[in-house]
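Chemist: Take a look at the following structure, please.
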Amino acid sequence: MSTPSSLLLERIRQLIATPSVSSVSPQFDQSNRPVIDLLANWLEDAGFAVRIEPLPDWPGKANLIATLGSGPGGLVLAGHTDTVPFDAGRWRFDPFGGVIADERMYGLGSADMKSFLALAIEATREFAAGDLRQPLVILATADEESSMCGARALAAAGEPLGRHAVIGEPTGLKPVRMHKGILMEAIRLEGRSGHSSNPALGVNALEGMYAVIGELLRWRAELQARYRNPLFEIEVPTLNLGHIHGGDNPNRICADCELHIDIRPLPGMTLDGLREELQSRLQRRLADSELQLSFLPLFPGIEAMETPASAAIVRATEELTGTPAGVVGFGTEGPYLNALGMETVILGPGSVDCAHQPDEFLPLAAIQPTLDILQGLIRRLCVQSV
């Protein structure tokens, strides 16, 4: 195993040491600007043209777009700058220490996925702008772990960034071209309270939710009969009933009830289509009741991703890794990059099994293979061009 450069290890440590938690809970949420500023300094020193794009509706959050070379097309190496919250008491090592032990570097974001950004910069060191027939872009985004506001801002801007993209989420250096989407929705019923001794005095929202749940289970069975992809471990779309709350006392007719559901659609299913079908089914089911039905997206959701098996980036990553492109169950920023006209593969060092866990780590043995793959992609897609 070749020894990683001291500069690369120090940069990974600096990224790990710079807190950038994103969370839907304000008490945990932090700015990602210190990480963005670190990356910007390194990339400017490497000759990249660097743009920092603050997100107006998200104070303290920003994306970074750094470009070497010019022209249409090219390769984007992308990663998110944020991490999930953590429980320091469950860690054996300092979450911000970047400690090396057992041939691993431990730290928050070591696998998911700050290390990839340092590795991407390291991989570019042997290339100059004059070497490139197509541009090379390094993209660093905000809040992938919570709001996806960074990727959503890029998609809303609609600016093409390149033809090919690699997102360095931890896949054990196996290319991924498909993943399921995520939809999380609150379903609310409002009835009328009353004394439980006389059901006619009220409209029971809990009883209404019983009808809703029955309809959801029927819909789930229909979706699973309609859609199937044997490449996935769970080859059908899933619908989970995750949380329910209603009423306040056993002797009062329940006036309000709320159910939270999670749907994981397959490629070929859209969030807008699912929401429309969900709402129309439940509206029909409750049409003859006195209940008021409403819906609230619990977050904007992530579309399923599918990049064609014939795409140049898929073929290149398969050849460089010796592994057929596969699928994963977790969501990424890939659908947003594909929406900008790119063809995206998910490929990075480390394992998702240790992501979001105490003592998250990056195997040192994964560093050189990652550099080899990234440099191979740069040569094919930016220097030789396709």
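The way I read the labels, and the way they are meant: chains A, B, ... in the order of the structure tokens, residue 1 as the first residue of every chain, and ligand 1 as the first ligand shown, with later ones counted on from there.
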Run DSSP on the backbone and grab whatever in stretch 87-285 of chain A lands in strand (DSSP E or B); send it over as number ranges by chain.
Modeler: A: 99-101, 104-106, 136-141, 164-167, 176-179, 182-190, 192, 195, 203, 238-246, 252, 256-264
Chemist: Considering only C-alpha atoms, return as a VMD selection string whatever protein or nucleic-acid residues lie within 10 Å of A:Leu364, sequence-local ones (same chain, fewer than 6 positions apart) excluded.
Modeler: chain A and resid 1 to 4 9 100 to 105 349 to 350
Chemist: Those same residues - N, CA and C atoms - I'd like them written as a tab-separated table (two decimals), in the first residue's frame.
Modeler:
chain	number	residue	atom	x	y	z
A	1	MET	N	0.85	-1.20	0.00
A	1	MET	CA	0.00	0.00	0.00
A	1	MET	C	0.88	1.24	0.00
A	2	SER	N	0.65	2.17	-0.97
A	2	SER	CA	1.43	3.40	-0.99
A	2	SER	C	1.00	4.30	0.16
A	3	THR	N	1.93	5.13	0.59
A	3	THR	CA	1.67	6.00	1.74
A	3	THR	C	1.04	7.30	1.27
A	4	PRO	N	-0.12	7.69	1.81
A	4	PRO	CA	-0.73	8.96	1.41
A	4	PRO	C	0.19	10.12	1.75
A	9	LEU	N	-3.31	14.07	3.96
A	9	LEU	CA	-3.82	13.68	5.28
A	9	LEU	C	-4.12	14.90	6.13
A	100	ILE	N	-5.58	8.82	13.36
A	100	ILE	CA	-5.22	7.62	12.60
A	100	ILE	C	-4.90	6.50	13.58
A	101	ALA	N	-5.61	5.39	13.42
A	101	ALA	CA	-5.39	4.19	14.23
A	101	ALA	C	-5.91	3.00	13.44
A	102	ASP	N	-5.27	1.87	13.59
A	102	ASP	CA	-5.72	0.63	12.93
A	102	ASP	C	-5.83	0.80	11.41
A	103	GLU	N	-4.91	1.59	10.81
A	103	GLU	CA	-4.93	1.83	9.36
A	103	GLU	C	-6.22	2.51	8.90
A	104	ARG	N	-6.79	3.32	9.78
A	104	ARG	CA	-7.99	4.09	9.46
A	104	ARG	C	-7.82	5.51	9.96
A	105	MET	N	-8.52	6.45	9.30
A	105	MET	CA	-8.65	7.79	9.85
A	105	MET	C	-10.07	7.94	10.38
A	349	PRO	N	-14.94	6.47	-1.58
A	349	PRO	CA	-14.30	5.55	-0.65
A	349	PRO	C	-15.08	5.44	0.66
A	350	GLY	N	-14.79	4.38	1.40
A	350	GLY	CA	-15.45	4.18	2.68
A	350	GLY	C	-16.77	3.45	2.52
Chemist: Which residues of stretch 96-175 of chain A come within 7 Å of stretch 58-76 of chain A, and what is each one's closest atom pair and distance in Å (one decimal), counting only C-alpha atoms, sorted by chain and residue number, as a Markdown table?
Modeler:
| residue | atom | partner | partner_atom | distance |
| --- | --- | --- | --- | --- |
| A:Ala129 | CA | A:Gly69 | CA | 4.7 |
| A:Leu132 | CA | A:Gly69 | CA | 6.1 |
| A:Gln134 | CA | A:Gly74 | CA | 4.6 |
| A:Pro135 | CA | A:Gly69 | CA | 4.5 |
| A:Leu136 | CA | A:Leu75 | CA | 5.1 |
| A:Val137 | CA | A:Thr67 | CA | 4.5 |
| A:Ile138 | CA | A:Ala66 | CA | 5.2 |
| A:Leu139 | CA | A:Ile65 | CA | 4.8 |
| A:Ala140 | CA | A:Leu64 | CA | 5.0 |
| A:Thr141 | CA | A:Asn63 | CA | 4.6 |
| A:Ala142 | CA | A:Asn63 | CA | 5.8 |
| A:Gly150 | CA | A:Asn63 | CA | 6.1 |
| A:Gly162 | CA | A:Gly73 | CA | 4.6 |
| A:Arg163 | CA | A:Gly73 | CA | 4.5 |
| A:His164 | CA | A:Leu75 | CA | 4.8 |
| A:Ala165 | CA | A:Val76 | CA | 4.5 |
| A:Val166 | CA | A:Val76 | CA | 6.3 |
Chemist: Can you tell me which residues surround A:Met178 at a distance of at most 10 Å, considering only C-alpha atoms, apart from same-chain residues fewer than 6 positions away, and format the answer as a list of chain:residue names?
Modeler: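 Counting only the stated atoms, we get A:Leu231, A:Phe232, A:Leu266, A:Pro267, A:Ala304, A:Met305, A:Glu306, A:Thr307, A:Pro308, A:Ala309, A:Ala325, A:Gly326, A:Val327, A:Val328, A:Gly329, A:Phe330, A:Gly331, A:Gly334, A:Pro335, A:Thr344, A:Val345, A:Ile346.
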Chemist: Include N, CA and C atoms and write out the residues we just selected as a PDB file, in the first residue's frame.
Modeler:
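The resulting out_36.pdb:
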ATOM      1  N   LEU A 231     -33.002  -5.267  -9.502  1.00  0.00           N
ATOM      2  CA  LEU A 231     -31.637  -4.854  -9.166  1.00  0.00           C
ATOM      3  C   LEU A 231     -31.528  -4.392  -7.711  1.00  0.00           C
ATOM      4  N   PHE A 232     -32.638  -3.976  -7.131  1.00  0.00           N
ATOM      5  CA  PHE A 232     -32.631  -3.491  -5.751  1.00  0.00           C
ATOM      6  C   PHE A 232     -32.830  -4.651  -4.774  1.00  0.00           C
ATOM      7  N   LEU A 266     -39.182   3.781  -6.657  1.00  0.00           N
ATOM      8  CA  LEU A 266     -38.181   3.295  -7.593  1.00  0.00           C
ATOM      9  C   LEU A 266     -37.962   4.310  -8.708  1.00  0.00           C
ATOM     10  N   PRO A 267     -36.827   4.220  -9.421  1.00  0.00           N
ATOM     11  CA  PRO A 267     -36.679   5.012 -10.647  1.00  0.00           C
ATOM     12  C   PRO A 267     -37.861   4.777 -11.572  1.00  0.00           C
ATOM     13  N   ALA A 304     -36.039   9.614  -7.144  1.00  0.00           N
ATOM     14  CA  ALA A 304     -35.209   8.463  -7.479  1.00  0.00           C
ATOM     15  C   ALA A 304     -34.237   8.852  -8.592  1.00  0.00           C
ATOM     16  N   MET A 305     -33.100   8.175  -8.637  1.00  0.00           N
ATOM     17  CA  MET A 305     -32.088   8.476  -9.652  1.00  0.00           C
ATOM     18  C   MET A 305     -31.848   7.266 -10.532  1.00  0.00           C
ATOM     19  N   GLU A 306     -31.735   7.530 -11.838  1.00  0.00           N
ATOM     20  CA  GLU A 306     -31.294   6.498 -12.771  1.00  0.00           C
ATOM     21  C   GLU A 306     -30.473   7.149 -13.866  1.00  0.00           C
ATOM     22  N   THR A 307     -29.222   6.744 -13.967  1.00  0.00           N
ATOM     23  CA  THR A 307     -28.360   7.149 -15.068  1.00  0.00           C
ATOM     24  C   THR A 307     -28.244   5.958 -16.014  1.00  0.00           C
ATOM     25  N   PRO A 308     -28.412   6.170 -17.321  1.00  0.00           N
ATOM     26  CA  PRO A 308     -28.422   5.024 -18.248  1.00  0.00           C
ATOM     27  C   PRO A 308     -27.134   4.202 -18.164  1.00  0.00           C
ATOM     28  N   ALA A 309     -27.292   2.905 -18.306  1.00  0.00           N
ATOM     29  CA  ALA A 309     -26.130   2.020 -18.283  1.00  0.00           C
ATOM     30  C   ALA A 309     -25.168   2.330 -19.417  1.00  0.00           C
ATOM     31  N   ALA A 325     -21.842  -1.196 -12.529  1.00  0.00           N
ATOM     32  CA  ALA A 325     -22.565  -0.177 -11.767  1.00  0.00           C
ATOM     33  C   ALA A 325     -23.813  -0.794 -11.143  1.00  0.00           C
ATOM     34  N   GLY A 326     -24.027  -0.470  -9.869  1.00  0.00           N
ATOM     35  CA  GLY A 326     -25.128  -1.070  -9.129  1.00  0.00           C
ATOM     36  C   GLY A 326     -26.124  -0.058  -8.614  1.00  0.00           C
ATOM     37  N   VAL A 327     -26.797  -0.435  -7.540  1.00  0.00           N
ATOM     38  CA  VAL A 327     -27.856   0.377  -6.951  1.00  0.00           C
ATOM     39  C   VAL A 327     -27.624   0.474  -5.447  1.00  0.00           C
ATOM     40  N   VAL A 328     -28.197   1.514  -4.832  1.00  0.00           N
ATOM     41  CA  VAL A 328     -28.189   1.648  -3.372  1.00  0.00           C
ATOM     42  C   VAL A 328     -29.567   2.088  -2.909  1.00  0.00           C
ATOM     43  N   GLY A 329     -29.804   1.912  -1.628  1.00  0.00           N
ATOM     44  CA  GLY A 329     -31.098   2.274  -1.068  1.00  0.00           C
ATOM     45  C   GLY A 329     -31.167   3.684  -0.533  1.00  0.00           C
ATOM     46  N   PHE A 330     -30.013   4.355  -0.373  1.00  0.00           N
ATOM     47  CA  PHE A 330     -30.037   5.700   0.197  1.00  0.00           C
ATOM     48  C   PHE A 330     -30.130   6.762  -0.898  1.00  0.00           C
ATOM     49  N   GLY A 331     -30.600   7.945  -0.538  1.00  0.00           N
ATOM     50  CA  GLY A 331     -30.740   9.044  -1.486  1.00  0.00           C
ATOM     51  C   GLY A 331     -29.492   9.901  -1.542  1.00  0.00           C
ATOM     52  N   GLY A 334     -27.696  13.202  -6.556  1.00  0.00           N
ATOM     53  CA  GLY A 334     -27.641  12.821  -7.959  1.00  0.00           C
ATOM     54  C   GLY A 334     -28.809  13.292  -8.806  1.00  0.00           C
ATOM     55  N   PRO A 335     -30.061  13.154  -8.348  1.00  0.00           N
ATOM     56  CA  PRO A 335     -31.175  13.592  -9.185  1.00  0.00           C
ATOM     57  C   PRO A 335     -31.108  15.076  -9.546  1.00  0.00           C
ATOM     58  N   THR A 344     -24.803  11.165 -13.968  1.00  0.00           N
ATOM     59  CA  THR A 344     -24.177  11.104 -12.654  1.00  0.00           C
ATOM     60  C   THR A 344     -23.998   9.677 -12.179  1.00  0.00           C
ATOM     61  N   VAL A 345     -22.839   9.435 -11.575  1.00  0.00           N
ATOM     62  CA  VAL A 345     -22.554   8.181 -10.889  1.00  0.00           C
ATOM     63  C   VAL A 345     -22.194   8.514  -9.444  1.00  0.00           C
ATOM     64  N   ILE A 346     -22.614   7.673  -8.528  1.00  0.00           N
ATOM     65  CA  ILE A 346     -22.234   7.784  -7.122  1.00  0.00           C
ATOM     66  C   ILE A 346     -21.061   6.838  -6.904  1.00  0.00           C
TER      67      ILE A 346
END
Chemist: Near A:Ser196, within 7 Å and counting only C-alpha atoms, which residues show up once chain neighbours fewer than 3 positions away are dropped, as an MDAnalysis selection string?
Modeler: chainID A and resid 199 251:253
Chemist: Selection from above, C-alpha atoms, as a PDB file, in the first residue's frame, can you write it?
Modeler:
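This went into part05.pdb:
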ATOM      1  CA  PRO A 199     -70.797   9.722  19.249  1.00  0.00           C
ATOM      2  CA  ASN A 251     -63.560  10.485  27.176  1.00  0.00           C
ATOM      3  CA  ARG A 252     -63.370  13.073  24.381  1.00  0.00           C
ATOM      4  CA  ILE A 253     -64.149  12.373  20.763  1.00  0.00           C
TER       5      ILE A 253
END
Chemist: Just give me the gap between atom CA of A:Gly172 and atom CA of A:Gly348 in Å, one decimal is fine.
Modeler: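 It comes out at 6.3 Å.
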Chemist: At a cut-off of 9 Å, using only C-alpha atoms, what residues contact A:Pro324? Leave out same-chain residues fewer than 2 positions from it and give the result as a ChimeraX atom specification.
Modeler: /A:174-176,314-315,317-319,321-322,326
